[in-house]
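Peer 1: Quick one: structure below, then a few questions.
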Protein chains: 2
Amino acid sequence: MTQKSVAKTEGPESGSEPDLLVISAPEHDASAYHLTGFLAPDAVIAARVEGRTYLAVSSLEYGRAKRQAAVDELLSYDELGIRELARELGGGGSVLAAAAADLLKKLGARSVTVPPNLGVVHADELRRRGVEVEPGGAYFAGLRRAKTEREVGYIEEVQRATEAAVALAREVLSGSEVLKDGTLVHEGAPLTSEGLRSVIDVDLLRRGFHASGTIVAGGPQAADPHERGSGPLRAGETIIVDVFPSSAKSRYFADMTRTFVKGEPSDEVRKMYRTVLAAQERALESIRPGVSGREVHRAVSEVIHAAGYKTLLHDQRPGEPLTEGFFHGTGHGVGLELHEGPSLGTQDTELLPGDVVTVEPGVYTPGLGGVRIEDLVVVTESGLRNLTDFPKSFDSAIV
Amino acid sequence: MTQKSVAKTEGPESGSEPDLLVISAPEHDASAYHLTGFLAPDAVIAARVEGRTYLAVSSLEYGRAKRQAAVDELLSYDELGIRELARELGGGGSVLAAAAADLLKKLGARSVTVPPNLGVVHADELRRRGVEVEPGGAYFAGLRRAKTEREVGYIEEVQRATEAAVALAREVLSGSEVLKDGTLVHEGAPLTSEGLRSVIDVDLLRRGFHASGTIVAGGPQAADPHERGSGPLRAGETIIVDVFPSSAKSRYFADMTRTFVKGEPSDEVRKMYRTVLAAQERALESIRPGVSGREVHRAVSEVIHAAGYKTLLHDQRPGEPLTEGFFHGTGHGVGLELHEGPSLGTQDTELLPGDVVTVEPGVYTPGLGGVRIEDLVVVTESGLRNLTDFPKSFDSAIV
């Protein structure tokens, strides 16, 4: 499925293509990068007016932009009179937005759709200068949703590297010894969350992928889904390994979680693992175009509820955060952002061919630990293709 | 100097502390992290009302926030009725801003200063609900400007690691052999920008620091200040190494650039190097509280101009981007962001004790190469303390 048809499905003006404006640093903003194909650490002005794309950059970036940007027209900030506008505004307001307003006027665009995260200082300046500014979160999310073959290729590249790094972590766990107090030792040194995280992150970096926030959380720490983990790892406890790097080159992300246990797991851990795996398999069976994220999430929640664990769907009480059982969404889109559309949770958004989403149920028991199993899949015309190629059976989790 | 006195100097209402609101992901937004001391990958609501700080997070983050956040009051999204608001807004508008508006109303705050990058979708929703929203870029920048001793300590930690990594890169260059065609070989393999960058980035990662965008650019590539560099490195050419990692733990950045030449540099390269070094030393002599960024930039530009190179100050013509000589600013503040206030360029901002800034003049000649030398310094009561401890004499640049 092409971007255009997604845009039509999701856009604020169905049947027509709205004019777009983005003011942000492409390295930190997927919309600016996606619209221009140009990566830069500082803010650029990117616009699409009547189907033509425009990019304005500082003189510092001009030479590189000329070689790398995929736009119809490249402009420099000097051409847009940035210096004069800066003097006029005297540091107040947004110089870039003032320049963008002038550019839009020249191009005959009076109203633009902007990403919801366009800075208020830009939006205010644009409106002061007579430009209608309409936040279009759904439109921009839609632009990036159904991935092209090329984009899926980029994501698979990151996914392969992620699997190689997690395989290495598994080997380290598997090759470690257990001391009498249950802590692990690898090559003579205590094995910690920090140490195992470093094994993963360094392996990825050597291959050209940036991991940030890699989770290696053991025992009670694994009961908190966003805890990154610290200190000694132990036998008999669940160890959640959640890795979500991006490519330094393509900037696309991948995302995978596996849960390991060194040595003999308790009956409770067995039950948690089997429940999560069954829930995940149910989710994978349910995914196809036209199914909503909410339906997938419900399928997962039912399996977990039936096993006797709490879920947001069944046990959420207003004003009381749920902190045990299954208390996060089932998944999220992955692309130029780690978290993008569509979400598999409470939203009704229907899945489209080309959507790349995680499927990552989990069960958490405070004081004991947690189990999460996460695959990355692409929705196809008839169902899905699992982009993940890493064992997840209960036997494979015992290292 | 304390944050408070900076705030008074920079704030929009001098003499009083404005109420603040931030809605963003602390991992990607220094304002949210600085205000709450809490790191999270997803958006939080952070407010300061009458001097008390408030943080609202999802149930997923609640447990960790309870242990880690440095705020007066912690709230959960459930308490703020996020689910009900989501139903009410039906996916349109900003649920977090609606919840923030309710919270501010309860706290008696009718007007808030927000970071300039607050998303337009949040600003619109707050205003729809009667909250006055005032972008306060200078105020928020001011809050983070004059660093505490502790913050300078964090920055020095990153700076030491940066120097160790660049020293390693220097050793690799120094230990490499020169083939007949001028290309470099290290341990039997061609030495490339990519290879040397990996040496630096992996060394940093092993020490717990994330480098992203590290520049290793040789020859003509070094003539473009933002070119990261690719392909074989050669003898006799300038090789710019610019490294700006952040700490995975403290999140503070450091920043250093050195320019190396393998083998015999040409007379032109010698002149470029000596000019840039003299300009940088002039800048370092000029830095003290009360001096403006513009004055430092002018001092640098005069030295470079006197040597016969073009500068923005002397040779900029409207509508024609300058792409040779010295065509970027002299420096920028460094802290939780790589680029923060104050800037040493065209702005009048006066330096304050505690400001941490880079001093990084450069001279670039298209087709030939470039030289940039960058130190990181903290402004003191009487002048500056150079946080950089790495040789920069011309002799030390020949490897």
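So you can find residues: chains in the structure tokens are A, B, ... in the order shown, residues in each start at 1, and ligands are numbered from 1 in order.
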Go through segment 208-347 of chain B and collect every residue that DSSP, computed from the backbone, puts in helix (DSSP H, G or I); the answer should be as a short mmCIF file (atom, residue, chain, number, x, y, z; two decimals) with C-alpha atoms, in the first residue's frame.

Peer 2:
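Heads up, here's the output in result_0.cif:
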data_model
loop_
_atom_site.label_atom_id
_atom_site.label_comp_id
_atom_site.auth_asym_id
_atom_site.auth_seq_id
_atom_site.Cartn_x
_atom_site.Cartn_y
_atom_site.Cartn_z
CA GLY B 219 40.21 15.96 3.28
CA PRO B 220 37.54 17.75 1.23
CA GLN B 221 34.83 16.25 3.49
CA ALA B 222 36.31 18.25 6.38
CA ALA B 223 35.42 21.44 4.50
CA ASP B 267 51.77 25.10 4.05
CA GLU B 268 48.12 26.00 3.55
CA VAL B 269 47.04 23.48 6.19
CA ARG B 270 49.68 24.87 8.57
CA LYS B 271 48.33 28.35 8.09
CA MET B 272 44.72 27.24 8.62
CA TYR B 273 45.65 25.41 11.82
CA ARG B 274 47.68 28.27 13.27
CA THR B 275 44.94 30.77 12.44
CA VAL B 276 42.22 28.69 14.09
CA LEU B 277 44.35 28.05 17.17
CA ALA B 278 45.19 31.76 17.52
CA ALA B 279 41.50 32.65 17.11
CA GLN B 280 40.51 30.11 19.74
CA GLU B 281 43.10 31.39 22.19
CA ARG B 282 41.89 34.94 21.64
CA ALA B 283 38.34 33.77 22.45
CA LEU B 284 39.45 31.98 25.62
CA GLU B 285 41.23 35.15 26.79
CA SER B 286 38.10 37.22 26.23
CA GLY B 293 28.61 36.05 23.19
CA ARG B 294 28.73 38.50 20.32
CA GLU B 295 31.96 40.07 21.62
CA VAL B 296 33.66 36.67 21.85
CA HIS B 297 32.50 35.82 18.34
CA ARG B 298 33.78 39.15 17.04
CA ALA B 299 37.22 38.61 18.60
CA VAL B 300 37.47 35.23 16.86
CA SER B 301 36.26 36.59 13.53
CA GLU B 302 38.81 39.43 13.58
CA VAL B 303 41.72 37.01 13.97
CA ILE B 304 40.46 34.84 11.11
CA HIS B 305 39.71 37.84 8.90
CA ALA B 306 43.16 39.31 9.53
CA LEU B 312 30.24 35.71 8.33
CA LEU B 313 30.93 38.98 10.09
CA HIS B 314 33.02 40.45 7.27
CA ASP B 315 31.90 38.74 4.09
#

Peer 1: Determine which residues of chain B sit within 7 Å of chain A, taking into account only C-alpha atoms, and present them as a PyMOL selection string.

Peer 2: chain B and resi 59-61+78-79+116-121+123+135+198+202+205-206+225-226+318-322+328

Peer 1: At a cut-off of 6 Å, using only C-alpha atoms, what residues contact segment 373-390 of chain B? Leave out same-chain residues fewer than 5 positions from it and give the result as a list in words.

Peer 2: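 In the requested format, the answer is Met256, Thr257, Arg258, Ile287, Arg288, Pro353, Gly354, Asp355, Val356, Val357, Thr358, Val359 and Glu360 of chain B.
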
Peer 1: Export N, CA and C atoms of the chosen residues as a PDB file, in the first residue's frame?

Peer 2:
ATOM      1  N   MET B 256      33.952  18.083  22.207  1.00  0.00           N
ATOM      2  CA  MET B 256      35.343  18.458  21.907  1.00  0.00           C
ATOM      3  C   MET B 256      35.649  18.160  20.445  1.00  0.00           C
ATOM      4  N   THR B 257      36.435  19.031  19.827  1.00  0.00           N
ATOM      5  CA  THR B 257      36.912  18.787  18.472  1.00  0.00           C
ATOM      6  C   THR B 257      38.426  18.943  18.427  1.00  0.00           C
ATOM      7  N   ARG B 258      39.077  18.023  17.745  1.00  0.00           N
ATOM      8  CA  ARG B 258      40.484  18.182  17.417  1.00  0.00           C
ATOM      9  C   ARG B 258      40.652  17.882  15.933  1.00  0.00           C
ATOM     10  N   ILE B 287      36.841  35.532  27.466  1.00  0.00           N
ATOM     11  CA  ILE B 287      35.646  35.051  28.175  1.00  0.00           C
ATOM     12  C   ILE B 287      35.698  35.350  29.677  1.00  0.00           C
ATOM     13  N   ARG B 288      34.669  36.062  30.158  1.00  0.00           N
ATOM     14  CA  ARG B 288      34.470  36.306  31.593  1.00  0.00           C
ATOM     15  C   ARG B 288      33.039  36.802  31.781  1.00  0.00           C
ATOM     16  N   PRO B 353      28.589  33.566  35.462  1.00  0.00           N
ATOM     17  CA  PRO B 353      29.331  32.489  36.110  1.00  0.00           C
ATOM     18  C   PRO B 353      28.488  31.206  36.101  1.00  0.00           C
ATOM     19  N   GLY B 354      29.107  30.096  35.759  1.00  0.00           N
ATOM     20  CA  GLY B 354      28.391  28.821  35.708  1.00  0.00           C
ATOM     21  C   GLY B 354      27.955  28.435  34.301  1.00  0.00           C
ATOM     22  N   ASP B 355      27.960  29.385  33.375  1.00  0.00           N
ATOM     23  CA  ASP B 355      27.677  29.021  31.978  1.00  0.00           C
ATOM     24  C   ASP B 355      28.732  28.031  31.495  1.00  0.00           C
ATOM     25  N   VAL B 356      28.311  26.949  30.862  1.00  0.00           N
ATOM     26  CA  VAL B 356      29.250  26.009  30.243  1.00  0.00           C
ATOM     27  C   VAL B 356      29.100  26.142  28.734  1.00  0.00           C
ATOM     28  N   VAL B 357      30.165  26.540  28.056  1.00  0.00           N
ATOM     29  CA  VAL B 357      30.086  26.811  26.612  1.00  0.00           C
ATOM     30  C   VAL B 357      31.256  26.190  25.855  1.00  0.00           C
ATOM     31  N   THR B 358      31.007  25.884  24.589  1.00  0.00           N
ATOM     32  CA  THR B 358      32.089  25.452  23.701  1.00  0.00           C
ATOM     33  C   THR B 358      32.737  26.688  23.086  1.00  0.00           C
ATOM     34  N   VAL B 359      34.010  26.540  22.719  1.00  0.00           N
ATOM     35  CA  VAL B 359      34.721  27.596  21.986  1.00  0.00           C
ATOM     36  C   VAL B 359      35.358  26.892  20.795  1.00  0.00           C
ATOM     37  N   GLU B 360      34.772  27.069  19.611  1.00  0.00           N
ATOM     38  CA  GLU B 360      35.110  26.196  18.488  1.00  0.00           C
ATOM     39  C   GLU B 360      35.173  26.899  17.143  1.00  0.00           C
TER      40      GLU B 360
END

Peer 1: In Å, with one decimal, what is the gap from atom CA of Pro232 of chain B to atom CA of Thr183 of chain B?

Peer 2: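 Going from atom CA of Pro232 of chain B over to atom CA of Thr183 of chain B, I get 6.4 Å.
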
Peer 1: Give me, as a PDB file with all heavy atoms, in the first residue's frame, the residues of segment 321-358 of chain A that a backbone DSSP run labels strand (DSSP E).

Peer 2:
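Just written: result_17.pdb:
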ATOM      1  N   GLY A 331       0.748  -3.546  22.085  1.00  0.00           N
ATOM      2  CA  GLY A 331       1.799  -3.229  21.120  1.00  0.00           C
ATOM      3  C   GLY A 331       1.661  -1.840  20.540  1.00  0.00           C
ATOM      4  O   GLY A 331       0.718  -1.106  20.858  1.00  0.00           O
ATOM      5  N   HIS A 332       2.633  -1.481  19.698  1.00  0.00           N
ATOM      6  CA  HIS A 332       2.677  -0.156  19.098  1.00  0.00           C
ATOM      7  C   HIS A 332       3.370  -0.249  17.747  1.00  0.00           C
ATOM      8  O   HIS A 332       4.149  -1.170  17.503  1.00  0.00           O
ATOM      9  CB  HIS A 332       3.444   0.811  20.001  1.00  0.00           C
ATOM     10  CG  HIS A 332       4.818   0.315  20.389  1.00  0.00           C
ATOM     11  ND1 HIS A 332       5.934   0.497  19.609  1.00  0.00           N
ATOM     12  CD2 HIS A 332       5.236  -0.402  21.468  1.00  0.00           C
ATOM     13  CE1 HIS A 332       6.986  -0.065  20.187  1.00  0.00           C
ATOM     14  NE2 HIS A 332       6.598  -0.627  21.322  1.00  0.00           N
ATOM     15  N   GLY A 333       3.083   0.712  16.876  1.00  0.00           N
ATOM     16  CA  GLY A 333       3.784   0.792  15.612  1.00  0.00           C
ATOM     17  C   GLY A 333       5.249   1.113  15.833  1.00  0.00           C
ATOM     18  O   GLY A 333       5.620   1.716  16.840  1.00  0.00           O
ATOM     19  N   GLU A 340       5.126   4.583  17.362  1.00  0.00           N
ATOM     20  CA  GLU A 340       4.305   5.352  16.437  1.00  0.00           C
ATOM     21  C   GLU A 340       3.025   4.581  16.178  1.00  0.00           C
ATOM     22  O   GLU A 340       2.775   3.556  16.820  1.00  0.00           O
ATOM     23  CB  GLU A 340       5.084   5.686  15.149  1.00  0.00           C
ATOM     24  CG  GLU A 340       5.645   4.530  14.367  1.00  0.00           C
ATOM     25  CD  GLU A 340       6.404   5.000  13.098  1.00  0.00           C
ATOM     26  OE1 GLU A 340       7.250   5.897  13.214  1.00  0.00           O
ATOM     27  OE2 GLU A 340       6.125   4.464  12.020  1.00  0.00           O
ATOM     28  N   GLY A 341       2.174   5.098  15.258  1.00  0.00           N
ATOM     29  CA  GLY A 341       0.911   4.428  15.018  1.00  0.00           C
ATOM     30  C   GLY A 341       1.094   3.150  14.217  1.00  0.00           C
ATOM     31  O   GLY A 341       2.107   2.997  13.538  1.00  0.00           O
ATOM     32  N   PRO A 342       0.160   2.222  14.280  1.00  0.00           N
ATOM     33  CA  PRO A 342      -1.031   2.216  15.141  1.00  0.00           C
ATOM     34  C   PRO A 342      -0.720   1.605  16.501  1.00  0.00           C
ATOM     35  O   PRO A 342       0.291   0.920  16.645  1.00  0.00           O
ATOM     36  CB  PRO A 342      -1.983   1.308  14.365  1.00  0.00           C
ATOM     37  CG  PRO A 342      -1.074   0.295  13.736  1.00  0.00           C
ATOM     38  CD  PRO A 342       0.191   1.044  13.396  1.00  0.00           C
ATOM     39  N   SER A 343      -1.585   1.860  17.460  1.00  0.00           N
ATOM     40  CA  SER A 343      -1.376   1.246  18.768  1.00  0.00           C
ATOM     41  C   SER A 343      -2.335   0.063  18.948  1.00  0.00           C
ATOM     42  O   SER A 343      -3.461   0.075  18.454  1.00  0.00           O
ATOM     43  CB  SER A 343      -1.557   2.311  19.849  1.00  0.00           C
ATOM     44  OG  SER A 343      -2.593   1.981  20.727  1.00  0.00           O
ATOM     45  N   LEU A 344      -1.844  -0.971  19.603  1.00  0.00           N
ATOM     46  CA  LEU A 344      -2.696  -2.115  19.938  1.00  0.00           C
ATOM     47  C   LEU A 344      -3.045  -1.972  21.414  1.00  0.00           C
ATOM     48  O   LEU A 344      -2.297  -2.411  22.289  1.00  0.00           O
ATOM     49  CB  LEU A 344      -1.975  -3.440  19.704  1.00  0.00           C
ATOM     50  CG  LEU A 344      -1.298  -3.649  18.335  1.00  0.00           C
ATOM     51  CD1 LEU A 344      -0.672  -5.038  18.244  1.00  0.00           C
ATOM     52  CD2 LEU A 344      -2.314  -3.469  17.210  1.00  0.00           C
ATOM     53  N   VAL A 356       3.695  -1.887  10.686  1.00  0.00           N
ATOM     54  CA  VAL A 356       4.677  -2.679  11.425  1.00  0.00           C
ATOM     55  C   VAL A 356       4.422  -2.443  12.907  1.00  0.00           C
ATOM     56  O   VAL A 356       4.473  -1.292  13.371  1.00  0.00           O
ATOM     57  CB  VAL A 356       6.117  -2.283  11.044  1.00  0.00           C
ATOM     58  CG1 VAL A 356       7.132  -2.969  11.966  1.00  0.00           C
ATOM     59  CG2 VAL A 356       6.397  -2.654   9.588  1.00  0.00           C
ATOM     60  N   VAL A 357       4.078  -3.504  13.635  1.00  0.00           N
ATOM     61  CA  VAL A 357       3.702  -3.355  15.048  1.00  0.00           C
ATOM     62  C   VAL A 357       4.383  -4.402  15.925  1.00  0.00           C
ATOM     63  O   VAL A 357       4.705  -5.500  15.477  1.00  0.00           O
ATOM     64  CB  VAL A 357       2.170  -3.478  15.251  1.00  0.00           C
ATOM     65  CG1 VAL A 357       1.436  -2.324  14.604  1.00  0.00           C
ATOM     66  CG2 VAL A 357       1.643  -4.813  14.725  1.00  0.00           C
ATOM     67  N   THR A 358       4.588  -4.024  17.190  1.00  0.00           N
ATOM     68  CA  THR A 358       5.057  -4.996  18.174  1.00  0.00           C
ATOM     69  C   THR A 358       3.849  -5.733  18.752  1.00  0.00           C
ATOM     70  O   THR A 358       2.735  -5.212  18.777  1.00  0.00           O
ATOM     71  CB  THR A 358       5.783  -4.304  19.343  1.00  0.00           C
ATOM     72  OG1 THR A 358       4.833  -3.537  20.101  1.00  0.00           O
ATOM     73  CG2 THR A 358       6.891  -3.399  18.851  1.00  0.00           C
TER      74      THR A 358
END

Peer 1: What is the atom CA of Glu350 of chain A-atom CA of Val291 of chain A distance in Å, reported with one decimal?

Peer 2: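 So the two atoms, atom CA of Glu350 of chain A and atom CA of Val291 of chain A, lie 5.3 Å apart.
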
Peer 1: Please determine, counting only C-alpha atoms, which residue among A:Arg87, A:Arg129, A:Arg52, A:Arg234 has the shortest atom-to-atom distance to Gly182 of chain A.

Peer 2: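 Under the stated criterion, the closest residue is A:Arg234.
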